[in-house]
>>> print(open('input.cif').read())   # mmCIF, C-alpha atoms
data_entry
#
loop_
_atom_site.label_atom_id
_atom_site.label_comp_id
_atom_site.auth_asym_id
_atom_site.auth_seq_id
_atom_site.Cartn_x
_atom_site.Cartn_y
_atom_site.Cartn_z
CA MET A 582 10.45 57.25 -15.28
CA ASP A 583 11.60 53.82 -16.34
CA SER A 584 8.91 51.28 -15.41
CA MET A 585 11.55 49.03 -13.88
CA ASP A 586 12.17 51.66 -11.18
CA THR A 587 8.89 50.60 -9.59
CA TYR A 588 9.73 46.88 -9.46
CA ASP A 589 10.26 45.13 -6.12
CA VAL A 590 13.72 43.61 -6.16
CA TRP A 591 12.65 40.74 -3.88
CA LYS A 592 10.38 39.60 -6.70
CA LEU A 593 13.15 39.87 -9.31
CA LEU A 594 15.71 37.80 -7.41
CA ASP A 595 15.55 34.27 -8.78
CA ILE A 596 17.01 31.07 -7.29
CA GLN A 597 20.41 31.67 -8.90
CA HIS A 598 20.62 35.17 -7.43
CA LEU A 599 19.66 33.87 -3.98
CA ASN A 600 22.26 31.09 -4.22
CA GLN A 601 24.91 33.72 -4.90
CA LEU A 602 23.68 35.80 -1.99
CA GLU A 603 23.77 32.77 0.30
CA SER A 604 27.32 31.96 -0.79
CA LEU A 605 28.37 35.52 -0.03
CA LEU A 606 26.92 35.44 3.49
CA THR A 607 27.67 31.89 4.62
CA GLY A 608 31.34 31.54 3.85
CA ASP A 609 31.76 30.56 0.19
CA GLY A 610 32.75 33.79 -1.51
CA SER A 611 33.35 32.18 -4.90
CA LEU A 612 30.00 33.36 -6.25
CA ALA A 613 30.14 36.86 -4.77
CA PRO A 614 30.52 39.77 -7.21
CA GLU A 615 34.18 40.81 -7.27
CA SER A 616 33.20 44.47 -7.47
CA VAL A 617 31.66 44.20 -4.02
CA TYR A 618 34.14 42.08 -2.06
CA SER A 619 37.73 41.41 -2.96
CA GLY A 620 38.63 39.62 0.24
CA SER A 621 38.74 35.82 0.40
CA VAL A 622 36.75 35.59 3.63
CA ALA A 623 33.03 36.36 3.23
CA PRO A 624 31.22 38.23 6.02
CA GLU A 625 28.45 36.63 8.08
CA ARG A 626 26.54 39.92 7.98
CA ILE A 627 26.34 42.63 5.36
CA HIS A 628 25.72 46.36 5.83
CA LYS A 629 23.30 48.46 3.80
CA PRO A 630 25.72 50.02 1.24
CA GLU A 631 27.29 46.66 0.45
CA PHE A 632 23.87 44.96 0.28
CA VAL A 633 22.51 47.58 -2.12
CA GLN A 634 25.60 47.31 -4.33
CA THR A 635 25.36 43.50 -4.29
CA ILE A 636 21.71 43.55 -5.39
CA CYS A 637 22.44 46.04 -8.18
CA THR A 638 25.35 43.89 -9.34
CA LEU A 639 23.26 40.72 -9.32
CA LEU A 640 20.41 42.37 -11.26
CA GLY A 641 22.76 44.25 -13.58
CA HIS A 642 21.68 47.87 -13.05
CA GLU A 643 21.98 50.72 -10.53
CA LYS A 644 18.27 51.58 -10.97
CA PHE A 645 17.39 48.92 -8.36
CA ALA A 646 19.25 50.74 -5.55
CA GLN A 647 16.20 52.39 -3.98
CA SER A 648 14.18 49.18 -3.96
CA ALA A 649 17.18 47.29 -2.50
CA GLU A 650 17.28 49.82 0.36
CA VAL A 651 13.59 49.15 1.06
CA MET A 652 14.25 45.40 1.15
CA PHE A 653 17.20 45.92 3.53
CA ASN A 654 15.12 48.07 5.91
CA GLN A 655 12.32 45.48 6.01
CA ALA A 656 14.60 42.45 6.44
CA SER A 657 17.14 43.79 8.92
CA THR A 658 16.36 43.21 12.58
CA ASP A 659 18.84 45.78 13.95
CA GLY A 660 18.69 48.35 11.15
CA GLN A 661 22.44 48.08 10.66
CA SER A 662 23.19 44.77 8.95
CA LEU A 663 21.72 41.60 7.42
CA SER A 664 22.47 37.89 7.78
CA TRP A 665 21.35 35.05 5.53
CA THR A 666 18.90 34.00 8.25
CA ASN A 667 17.34 37.50 8.14
CA ILE A 668 16.81 37.13 4.39
CA LEU A 669 15.20 33.69 4.77
CA ASP A 670 12.89 35.00 7.51
CA TYR A 671 12.00 37.93 5.26
CA TYR A 672 10.90 35.67 2.40
CA ILE A 673 8.98 33.39 4.76
CA GLY A 674 7.19 36.44 6.11
CA LEU A 675 6.27 37.57 2.60
CA GLU A 676 4.80 34.15 1.86
CA LYS A 677 2.74 34.12 5.06
CA MET A 678 1.44 37.60 4.30
CA ALA A 679 0.47 36.50 0.79
CA ASP A 680 -1.42 33.51 2.23
CA GLU A 681 -3.30 35.73 4.70
CA ASN A 682 -4.28 38.21 1.99
CA ARG A 683 -5.23 35.60 -0.57
CA ILE A 684 -8.95 35.77 -1.36
CA CYS A 685 -10.68 32.43 -1.84
CA SER A 686 -13.36 32.80 -4.48
CA PRO A 687 -16.34 30.45 -4.70
CA MET A 688 -15.51 27.39 -6.75
CA LEU A 689 -17.57 27.21 -9.92
CA HIS A 690 -18.51 23.98 -11.68
CA ASP A 691 -19.31 23.63 -15.36
CA GLY A 692 -22.18 21.27 -14.56
CA ASP A 693 -20.52 18.27 -16.20
CA PHE A 694 -21.16 15.77 -13.43
CA LYS A 695 -19.90 12.28 -14.24
CA ALA A 696 -22.18 9.48 -13.09
CA ALA A 697 -20.81 6.31 -11.54
CA GLN A 698 -21.66 3.94 -14.38
CA HIS A 699 -21.65 0.80 -12.26
CA SER A 700 -23.85 1.99 -9.37
CA LYS A 701 -27.34 1.40 -10.85
CA ARG A 702 -28.21 4.90 -9.56
CA GLU A 703 -27.77 3.79 -5.95
CA THR A 704 -26.46 6.11 -3.24
CA ILE A 705 -22.65 6.20 -3.14
CA VAL A 706 -21.41 5.13 0.29
CA LYS A 707 -17.68 5.64 -0.15
CA MET A 708 -15.06 6.59 -2.72
CA ILE A 709 -11.54 5.39 -1.90
CA PRO A 710 -8.45 6.49 -3.89
CA VAL A 711 -5.77 3.78 -4.06
CA SER A 712 -2.35 4.68 -5.45
CA SER A 713 -0.05 2.33 -7.31
CA GLY A 714 3.25 3.95 -8.14
CA SER A 715 2.63 6.98 -10.32
CA THR A 716 -1.02 6.11 -11.01
CA TYR A 717 -4.11 5.61 -8.91
CA VAL A 718 -7.63 4.24 -9.11
CA ASN A 719 -10.84 5.23 -7.37
CA ILE A 720 -12.85 2.42 -5.81
CA ILE A 721 -16.49 3.55 -5.60
CA ILE A 722 -18.99 1.61 -3.48
CA SER A 723 -22.76 1.98 -3.69
CA LYS A 724 -25.28 1.39 -0.92
CA PHE A 725 -26.28 -2.13 -1.97
CA GLY A 726 -22.79 -3.40 -2.71
CA ASN A 727 -22.02 -2.50 -6.31
CA VAL A 728 -18.30 -1.74 -6.57
CA GLY A 729 -16.66 0.05 -9.48
CA ILE A 730 -12.94 0.54 -10.10
CA TYR A 731 -12.20 3.72 -12.08
CA ASP A 732 -8.93 5.08 -13.45
CA ASP A 733 -7.70 8.64 -12.89
CA LYS A 734 -9.83 9.87 -15.83
CA HIS A 735 -12.96 8.33 -14.30
CA ARG A 736 -13.16 5.52 -16.83
CA LEU A 737 -14.69 2.32 -15.49
CA GLN A 738 -12.11 -0.48 -15.48
CA ARG A 739 -13.86 -3.25 -13.57
CA LYS A 740 -16.95 -3.80 -11.47
CA TYR A 741 -18.28 -6.44 -9.11
CA GLU A 742 -21.04 -6.96 -6.57
CA ILE A 743 -20.61 -7.75 -2.89
CA ASP A 744 -22.73 -10.70 -1.77
CA ILE A 745 -24.24 -9.10 1.33
CA ASP A 746 -25.25 -12.22 3.23
CA THR A 747 -24.55 -13.65 6.64
CA ASP A 748 -23.22 -17.12 5.97
CA PRO A 749 -22.63 -18.14 2.32
CA ASP A 750 -22.57 -21.81 3.42
CA SER A 751 -26.09 -21.59 4.85
CA ASP A 752 -29.12 -22.86 2.92
CA LEU A 753 -31.12 -19.88 4.19
CA ASP A 754 -30.64 -16.85 1.97
CA VAL A 755 -31.03 -14.01 4.44
CA GLY A 756 -30.29 -11.52 1.70
CA ALA A 757 -33.47 -12.53 -0.12
CA SER A 758 -35.69 -11.28 2.72
CA ASP A 759 -33.41 -8.54 4.01
CA PRO A 760 -30.98 -7.35 1.32
CA GLY A 761 -28.96 -5.28 3.77
CA TRP A 762 -26.63 -2.46 2.75
CA ILE A 763 -23.00 -1.45 2.98
CA THR A 764 -22.25 0.71 6.05
CA ASP A 765 -18.56 1.48 5.41
CA ALA A 766 -15.51 0.47 3.39
CA ILE A 767 -11.77 0.86 3.87
CA TRP A 768 -8.48 0.00 2.15
CA MET A 769 -5.82 -2.04 4.00
CA GLU A 770 -2.61 -0.87 2.36
CA ASN A 771 -0.04 -3.34 3.67
CA SER A 772 -2.11 -6.47 2.99
CA LYS A 773 -3.84 -5.12 -0.16
CA HIS A 774 -7.39 -5.86 1.02
CA MET A 775 -10.65 -3.99 0.60
CA VAL A 776 -12.87 -4.36 3.65
CA TYR A 777 -16.64 -3.83 3.64
CA THR A 778 -19.11 -3.89 6.53
CA SER A 779 -22.86 -4.37 6.20
CA SER A 780 -26.11 -3.83 8.06
CA LEU A 781 -26.46 -7.63 8.36
CA ARG A 782 -23.61 -7.57 10.92
CA THR A 783 -21.09 -8.95 8.44
CA ILE A 784 -17.55 -7.92 7.49
CA HIS A 785 -16.11 -8.84 4.08
CA PHE A 786 -12.40 -9.01 3.25
CA PHE A 787 -11.61 -8.85 -0.48
CA ASP A 788 -8.14 -9.65 -1.82
CA ALA A 789 -7.37 -6.62 -3.98
CA SER A 790 -3.70 -7.29 -4.72
CA ALA A 791 -4.50 -7.68 -8.43
CA SER A 792 -6.88 -5.90 -10.79
CA VAL A 793 -9.56 -8.54 -10.11
CA HIS A 794 -10.85 -8.43 -6.52
CA TYR A 795 -12.21 -11.58 -4.91
CA GLU A 796 -13.74 -12.21 -1.50
CA GLU A 797 -11.31 -14.14 0.67
CA TYR A 798 -12.89 -14.00 4.14
CA ARG A 799 -16.34 -13.20 5.48
CA GLY A 800 -16.99 -12.59 9.14
CA PHE A 801 -20.55 -12.97 10.43
CA GLY A 802 -22.31 -12.93 13.79
CA LEU A 803 -20.97 -9.55 14.92
CA LYS A 804 -22.60 -8.26 18.12
CA ASN A 805 -23.95 -5.12 16.46
CA ILE A 806 -24.01 -3.38 13.08
CA PRO A 807 -20.61 -1.85 12.20
CA THR A 808 -21.01 1.85 11.38
CA CYS A 809 -17.49 3.16 10.69
CA MET A 810 -13.93 1.87 10.30
CA HIS A 811 -10.33 3.01 10.58
CA PHE A 812 -7.13 1.19 9.56
CA TRP A 813 -3.58 1.74 10.79
CA TYR A 814 -0.20 0.18 10.15
CA ASP A 815 3.39 1.31 10.67
CA GLU A 816 4.61 2.57 7.30
CA GLU A 817 8.21 1.96 8.41
CA ASP A 818 7.40 -1.69 9.17
CA GLU A 819 5.01 -2.87 6.47
CA ASP A 820 5.39 -6.51 7.53
CA GLY A 821 4.53 -5.70 11.14
CA PRO A 822 1.20 -5.80 12.98
CA ALA A 823 -1.76 -3.69 11.86
CA LEU A 824 -4.97 -2.51 13.47
CA LEU A 825 -8.48 -2.47 12.04
CA LEU A 826 -10.91 -0.58 14.25
CA PHE A 827 -14.66 -0.24 13.88
CA GLY A 828 -17.49 1.24 15.89
CA ASP A 829 -21.04 -0.09 15.88
CA ASP A 830 -24.63 1.06 16.29
CA GLY A 831 -24.67 -0.06 19.92
CA GLY A 832 -21.88 2.38 20.83
CA GLY A 833 -19.30 -0.42 20.96
CA LEU A 834 -15.68 -0.41 19.79
CA SER A 835 -13.86 -3.35 18.17
CA ILE A 836 -10.09 -3.41 17.66
CA ILE A 837 -8.71 -6.22 15.48
CA ARG A 838 -4.95 -6.68 15.75
CA PHE A 839 -3.55 -8.51 12.74
CA CYS A 840 -0.24 -10.14 13.66
CA GLN A 841 1.12 -10.85 10.16
CA PRO A 842 -1.20 -9.14 7.63
CA PRO A 843 1.05 -9.44 4.53
CA ASN A 844 1.07 -13.25 5.00
CA SER A 845 -2.51 -13.93 6.08
CA LEU A 846 -5.23 -12.08 7.94
CA PHE A 847 -6.72 -15.23 9.47
CA LYS A 848 -5.86 -18.91 9.75
CA LYS A 849 -6.55 -20.37 6.33
CA ALA A 850 -8.96 -23.26 5.88
CA GLU A 851 -9.16 -25.67 2.95
CA VAL A 852 -12.16 -24.19 1.18
CA ASP A 853 -12.98 -23.73 -2.50
CA SER A 854 -14.87 -20.46 -2.01
CA VAL A 855 -15.16 -17.73 0.59
CA GLN A 856 -13.80 -18.71 4.00
CA THR A 857 -16.43 -17.88 6.63
CA ILE A 858 -15.54 -16.85 10.16
CA PHE A 859 -18.02 -16.84 13.04
CA TRP A 860 -17.07 -13.71 14.95
CA GLN A 861 -17.86 -15.16 18.38
CA ARG A 862 -15.48 -18.11 17.81
CA MET A 863 -12.17 -16.47 16.98
CA GLU A 864 -9.95 -18.62 19.23
CA LYS A 865 -8.47 -20.67 16.39
CA HIS A 866 -7.27 -17.51 14.63
CA VAL A 867 -5.35 -16.13 17.61
CA GLU A 868 -2.01 -16.71 15.87
CA TYR A 869 -3.09 -14.30 13.13
CA ALA A 870 -5.70 -11.98 14.64
CA THR A 871 -7.02 -11.02 18.08
CA ILE A 872 -10.09 -8.92 18.87
CA GLN A 873 -10.55 -6.43 21.70
CA TYR A 874 -14.18 -5.41 22.17
CA THR A 875 -15.52 -2.59 24.37
CA GLN A 876 -19.28 -2.72 24.74
CA GLY A 877 -21.36 0.43 25.16
CA LEU A 878 -18.49 2.90 25.02
CA HIS A 879 -21.07 5.45 23.86
CA GLY A 880 -24.78 5.60 24.67
CA ASP A 881 -25.57 5.83 20.94
CA GLY A 882 -24.05 4.55 17.73
CA VAL A 883 -20.43 5.41 16.89
CA SER A 884 -20.27 7.93 14.02
CA GLY A 885 -16.50 8.22 13.60
CA ILE A 886 -13.25 6.61 14.73
CA ARG A 887 -9.53 7.40 14.57
CA TYR A 888 -6.39 5.77 16.01
CA ILE A 889 -3.52 8.04 17.12
CA SER A 890 -0.40 5.88 17.04
CA HIS A 891 2.13 8.08 18.85
CA ASN A 892 0.23 7.87 22.18
CA ARG A 893 -1.85 4.76 21.42
CA THR A 894 -5.21 6.45 21.81
CA VAL A 895 -8.51 5.96 20.02
CA VAL A 896 -10.85 8.86 19.31
CA THR A 897 -14.52 8.00 18.75
CA SER A 898 -17.57 10.18 18.15
CA SER A 899 -21.29 9.70 18.67
CA ARG A 900 -24.55 11.64 18.67
CA ASP A 901 -24.82 10.78 22.36
CA PRO A 902 -24.94 14.17 24.18
CA ASN A 903 -23.27 12.67 27.25
CA SER A 904 -20.31 11.16 25.37
CA SER A 905 -20.08 12.99 22.06
CA ILE A 906 -16.30 12.51 21.76
CA ILE A 907 -14.27 10.03 23.78
CA ILE A 908 -10.47 9.83 23.71
CA THR A 909 -9.34 6.61 25.34
CA HIS A 910 -6.02 4.82 25.67
CA ILE A 911 -5.99 1.51 23.84
CA ASP A 912 -4.56 -0.23 26.93
CA GLY A 913 -6.55 1.80 29.46
CA LYS A 914 -3.44 3.45 30.95
CA PHE A 915 -5.09 6.82 31.62
CA ASP A 916 -8.55 8.21 32.20
CA GLN A 917 -10.76 8.98 29.23
CA TYR A 918 -11.32 12.47 27.90
CA VAL A 919 -15.10 12.87 27.40
CA PHE A 920 -16.55 15.77 25.43
CA LYS A 921 -20.27 16.53 25.79
CA LEU A 922 -22.36 18.41 23.22
CA ALA A 923 -26.14 18.81 23.30
CA TRP A 924 -26.41 17.88 19.60
CA GLY A 925 -23.78 15.15 19.78
CA VAL A 926 -21.12 14.87 17.06
CA ARG A 927 -21.79 13.80 13.49
CA CYS A 928 -18.16 14.05 12.28
CA PHE A 929 -14.72 15.03 13.53
CA ASP A 930 -11.07 15.29 12.61
CA ILE A 931 -7.98 15.58 14.79
CA SER A 932 -4.49 16.82 14.00
CA THR A 933 -1.58 16.01 16.29
CA GLU A 934 0.57 18.22 14.05
CA ILE A 935 -1.16 21.42 15.20
CA GLY A 936 -2.91 20.06 18.31
CA ILE A 937 -6.51 20.67 17.23
CA LEU A 938 -9.70 18.61 17.41
CA THR A 939 -12.58 19.80 15.23
CA THR A 940 -16.17 18.57 15.44
CA GLY A 941 -19.30 18.99 13.34
CA SER A 942 -22.90 18.54 14.46
CA ASN A 943 -26.42 18.86 13.16
CA ASP A 944 -26.64 22.33 14.77
CA THR A 945 -24.62 23.61 11.72
CA HIS A 946 -21.59 24.73 13.80
CA VAL A 947 -17.95 23.72 13.41
CA ARG A 948 -16.15 23.64 16.74
CA LEU A 949 -12.42 23.72 17.45
CA TRP A 950 -11.08 22.13 20.63
CA ASN A 951 -7.91 21.61 22.55
CA PRO A 952 -7.88 17.77 22.59
CA VAL A 953 -7.21 17.65 26.33
CA VAL A 954 -9.64 20.38 27.42
CA THR A 955 -13.19 19.05 27.42
CA ALA A 956 -14.98 21.93 29.15
CA ARG A 957 -15.52 24.19 26.12
CA PRO A 958 -14.30 24.67 22.53
CA THR A 959 -11.63 27.23 21.73
CA SER A 960 -13.68 28.51 18.77
CA VAL A 961 -17.13 28.05 17.25
CA LEU A 962 -17.31 28.62 13.49
CA SER A 963 -20.74 29.59 12.20
CA GLY A 964 -21.85 29.95 8.61
CA HIS A 965 -23.32 26.65 7.45
CA LYS A 966 -27.08 26.51 7.02
CA ALA A 967 -27.42 22.72 7.34
CA GLY A 968 -25.96 19.97 9.51
CA LEU A 969 -22.35 18.95 9.00
CA ILE A 970 -21.49 15.71 7.17
CA ASP A 971 -17.69 15.70 7.22
CA LEU A 972 -14.60 17.68 8.23
CA LYS A 973 -10.94 17.66 7.27
CA ILE A 974 -8.04 19.51 8.92
CA LEU A 975 -5.32 20.71 6.52
CA GLY A 976 -2.59 20.91 9.15
CA GLY A 977 0.19 22.29 6.97
CA ARG A 978 -1.98 25.22 5.87
CA ARG A 979 -3.79 25.59 9.21
CA GLN A 980 -7.16 25.32 7.52
CA VAL A 981 -10.32 23.25 8.00
CA LEU A 982 -12.63 22.01 5.25
CA SER A 983 -16.25 21.42 6.23
CA TYR A 984 -19.07 19.87 4.21
CA SER A 985 -22.76 20.18 5.06
CA LYS A 986 -25.99 18.41 4.06
CA ASP A 987 -26.93 21.15 1.57
CA ALA A 988 -23.79 20.36 -0.51
CA VAL A 989 -21.85 23.42 0.67
CA VAL A 990 -18.10 23.21 1.27
CA LYS A 991 -16.42 25.88 3.41
CA LEU A 992 -12.72 26.54 3.96
CA TRP A 993 -11.82 28.03 7.35
CA ASP A 994 -8.53 29.80 8.12
CA LEU A 995 -7.41 28.80 11.62
CA ASN A 996 -5.10 31.82 11.81
CA LYS A 997 -8.16 34.09 11.76
CA THR A 998 -10.34 32.24 14.29
CA THR A 999 -10.78 33.58 17.79
#
>>> encode(input="input.cif", output="structure tokens")
Amino acid sequence: MDSMDTYDVWKLLDIQHLNQLESLLTGDGSLAPESVYSGSVAPERIHKPEFVQTICTLLGHEKFAQSAEVMFNQASTDGQSLSWTNILDYYIGLEKMADENRICSPMLHDGDFKAAQHSKRETIVKMIPVSSGSTYVNIIISKFGNVGIYDDKHRLQRKYEIDIDTDPDSDLDVGASDPGWITDAIWMENSKHMVYTSSLRTIHFFDASASVHYEEYRGFGLKNIPTCMHFWYDEEDEDGPALLLFGDDGGGLSIIRFCQPPNSLFKKAEVDSVQTIFWQRMEKHVEYATIQYTQGLHGDGVSGIRYISHNRTVVTSSRDPNSSIIITHIDGKFDQYVFKLAWGVRCFDISTEIGILTTGSNDTHVRLWNPVVTARPTSVLSGHKAGLIDLKILGGRRQVLSYSKDAVVKLWDLNKTT
């Protein structure tokens, strides 16, 4: 037997073949094989004998007839004929089946770990990729404020140190007695700023529009220690308003609304160095920025935050068992959704694309929720042996990535959860 007799014709049909098949079935008969149809009007559906002959003509041999019959029987919905839509659905079904049967093997590493040269062996707090056209850099921040800018091959380009202090104009150097540390960092895309928060209740805005970053503004006197941040702007209106949100260790939520971020974040003062801003006296900056503060939203520190723009809601997490996840409208137009977990929530992610909220806790379990049903999760995924550190929903693939304290990453298929 010729080995080609065992081939699957649906694997042999390339893009050119499929284009010809589409033309045959959707009205443009110019690409159809003349030996199959001599008429000028192409059919919307094709019967089995004609389909088999068309496939054999496209592939150049009658030996593919049996395999073409198998393809017809699998793709046809009525057993009598095929449309172009049937063929598209058939290929989509094959791809889904391949995804479901694909085996994910453990990822192996060659042991060549690259150290962050700038960090002085300090704990890495955050690594932020920033794209610029066809290239990107990674901005890596260490616990005590050492920042390194690396290219896509992990080569150090520049480095600098954040002056973690309360008021740079003060004679008292608080940093000398309490050095403080960086609690979070985030990139503001439309204004080209790096933002850092510290345990000394400060927030630092660095102009990062060029390769050399410099501190432009420093806010001090925050009510509590910021613990996590989230930034949002409308990508279709880059000159429009933007939101910077951060939670704090007192369970509070701050929402800063920047009115004209590409021009200026705050009202500029005539200073030769860093412009300092006392956070409790923001009235003079109201033309540029306003702050909305909610005190004690959670009974414990805020561990995560996310803004959902399409319905103007904020999702926050906490280890507080009585308010582990809270979904609240930014203008208070509807009641809060409050999720309660005995272990609280260490990390979460939410996807409006597939309508799923996922949470991770120190009890090692990943939980999936309907975002508007707080009573119980839809699924509990077990398998980690240590508390969860972070989660990421891959909406397009219906998968969840989870990362635990023992440096284990797991990939969960949402199509197979119960």
>>> resolve_selection(input="input.cif", expression="the PyMOL selection byres ((chain A and resi 904) around 9)", output="CSV table (one decimal) with C-alpha atoms, in the frame of the given file")
chain,number,residue,atom,x,y,z
A,878,LEU,CA,-18.5,2.9,25.0
A,879,HIS,CA,-21.1,5.4,23.9
A,880,GLY,CA,-24.8,5.6,24.7
A,881,ASP,CA,-25.6,5.8,20.9
A,898,SER,CA,-17.6,10.2,18.2
A,899,SER,CA,-21.3,9.7,18.7
A,900,ARG,CA,-24.6,11.6,18.7
A,901,ASP,CA,-24.8,10.8,22.4
A,902,PRO,CA,-24.9,14.2,24.2
A,903,ASN,CA,-23.3,12.7,27.2
A,905,SER,CA,-20.1,13.0,22.1
A,906,ILE,CA,-16.3,12.5,21.8
A,907,ILE,CA,-14.3,10.0,23.8
A,919,VAL,CA,-15.1,12.9,27.4
A,920,PHE,CA,-16.6,15.8,25.4
A,921,LYS,CA,-20.3,16.5,25.8
A,922,LEU,CA,-22.4,18.4,23.2
A,925,GLY,CA,-23.8,15.2,19.8
>>> resolve_selection(input="input.cif", expression="the PyMOL selection byres ((chain A and resi 776) around 6)", output="ChimeraX atom specification")
/A:766-767,775,777,785-786
>>> resolve_selection(input="input.cif", expression="the PyMOL selection byres ((chain A and resi 908) around 10)", output="list in words")
Ile886, Arg887, Tyr888, Ile889, Thr894, Val895, Val896, Thr897, Ser898, Ile906, Ile907, Thr909, His910, Ile911, Asp916, Gln917, Tyr918, Val919, Phe920, Pro952 and Val953 of chain A
>>> atom_distance(input="input.cif", atom1="CA of Leu962 in chain A", atom2="CA of Thr945 in chain A")
9.0 Å
>>> atom_distance(input="input.cif", atom1="CA of Lys991 in chain A", atom2="CA of Ala967 in chain A")
12.1 Å
>>> build_atoms(input="input.cif", residues="range 704-710 of chain A", atoms="all heavy atoms", output="PDB file, in the coordinates of the input")
ATOM      1  N   THR A 704     -27.247   5.162  -4.021  1.00  0.00           N
ATOM      2  CA  THR A 704     -26.460   6.110  -3.240  1.00  0.00           C
ATOM      3  C   THR A 704     -25.019   5.629  -3.112  1.00  0.00           C
ATOM      4  O   THR A 704     -24.770   4.450  -2.867  1.00  0.00           O
ATOM      5  CB  THR A 704     -27.070   6.262  -1.835  1.00  0.00           C
ATOM      6  OG1 THR A 704     -28.416   6.727  -1.958  1.00  0.00           O
ATOM      7  CG2 THR A 704     -26.267   7.224  -0.979  1.00  0.00           C
ATOM      8  N   ILE A 705     -24.069   6.544  -3.301  1.00  0.00           N
ATOM      9  CA  ILE A 705     -22.650   6.200  -3.140  1.00  0.00           C
ATOM     10  C   ILE A 705     -22.288   6.296  -1.659  1.00  0.00           C
ATOM     11  O   ILE A 705     -22.482   7.335  -1.015  1.00  0.00           O
ATOM     12  CB  ILE A 705     -21.742   7.136  -3.966  1.00  0.00           C
ATOM     13  CG1 ILE A 705     -22.098   7.028  -5.452  1.00  0.00           C
ATOM     14  CG2 ILE A 705     -20.273   6.815  -3.737  1.00  0.00           C
ATOM     15  CD1 ILE A 705     -21.931   5.639  -6.045  1.00  0.00           C
ATOM     16  N   VAL A 706     -21.786   5.193  -1.123  1.00  0.00           N
ATOM     17  CA  VAL A 706     -21.410   5.130   0.290  1.00  0.00           C
ATOM     18  C   VAL A 706     -20.007   5.653   0.518  1.00  0.00           C
ATOM     19  O   VAL A 706     -19.738   6.390   1.461  1.00  0.00           O
ATOM     20  CB  VAL A 706     -21.532   3.679   0.808  1.00  0.00           C
ATOM     21  CG1 VAL A 706     -21.004   3.568   2.232  1.00  0.00           C
ATOM     22  CG2 VAL A 706     -22.967   3.196   0.735  1.00  0.00           C
ATOM     23  N   LYS A 707     -19.088   5.299  -0.369  1.00  0.00           N
ATOM     24  CA  LYS A 707     -17.680   5.640  -0.150  1.00  0.00           C
ATOM     25  C   LYS A 707     -16.954   5.673  -1.484  1.00  0.00           C
ATOM     26  O   LYS A 707     -17.265   4.890  -2.389  1.00  0.00           O
ATOM     27  CB  LYS A 707     -17.031   4.579   0.764  1.00  0.00           C
ATOM     28  CG  LYS A 707     -15.763   4.988   1.499  1.00  0.00           C
ATOM     29  CD  LYS A 707     -16.072   5.823   2.725  1.00  0.00           C
ATOM     30  CE  LYS A 707     -14.840   6.091   3.571  1.00  0.00           C
ATOM     31  NZ  LYS A 707     -14.497   5.002   4.481  1.00  0.00           N
ATOM     32  N   MET A 708     -15.974   6.571  -1.589  1.00  0.00           N
ATOM     33  CA  MET A 708     -15.060   6.590  -2.720  1.00  0.00           C
ATOM     34  C   MET A 708     -13.646   6.591  -2.159  1.00  0.00           C
ATOM     35  O   MET A 708     -13.273   7.495  -1.404  1.00  0.00           O
ATOM     36  CB  MET A 708     -15.283   7.813  -3.609  1.00  0.00           C
ATOM     37  CG  MET A 708     -14.412   7.821  -4.852  1.00  0.00           C
ATOM     38  SD  MET A 708     -14.870   9.096  -6.048  1.00  0.00           S
ATOM     39  CE  MET A 708     -14.247  10.551  -5.221  1.00  0.00           C
ATOM     40  N   ILE A 709     -12.860   5.580  -2.505  1.00  0.00           N
ATOM     41  CA  ILE A 709     -11.540   5.390  -1.900  1.00  0.00           C
ATOM     42  C   ILE A 709     -10.469   5.460  -2.991  1.00  0.00           C
ATOM     43  O   ILE A 709     -10.455   4.617  -3.893  1.00  0.00           O
ATOM     44  CB  ILE A 709     -11.455   4.043  -1.162  1.00  0.00           C
ATOM     45  CG1 ILE A 709     -12.514   3.979  -0.056  1.00  0.00           C
ATOM     46  CG2 ILE A 709     -10.065   3.830  -0.592  1.00  0.00           C
ATOM     47  CD1 ILE A 709     -12.570   2.646   0.655  1.00  0.00           C
ATOM     48  N   PRO A 710      -9.563   6.452  -2.936  1.00  0.00           N
ATOM     49  CA  PRO A 710      -8.450   6.490  -3.890  1.00  0.00           C
ATOM     50  C   PRO A 710      -7.341   5.531  -3.443  1.00  0.00           C
ATOM     51  O   PRO A 710      -6.958   5.517  -2.271  1.00  0.00           O
ATOM     52  CB  PRO A 710      -7.984   7.943  -3.827  1.00  0.00           C
ATOM     53  CG  PRO A 710      -8.358   8.405  -2.458  1.00  0.00           C
ATOM     54  CD  PRO A 710      -9.586   7.628  -2.057  1.00  0.00           C
TER      55      PRO A 710
END
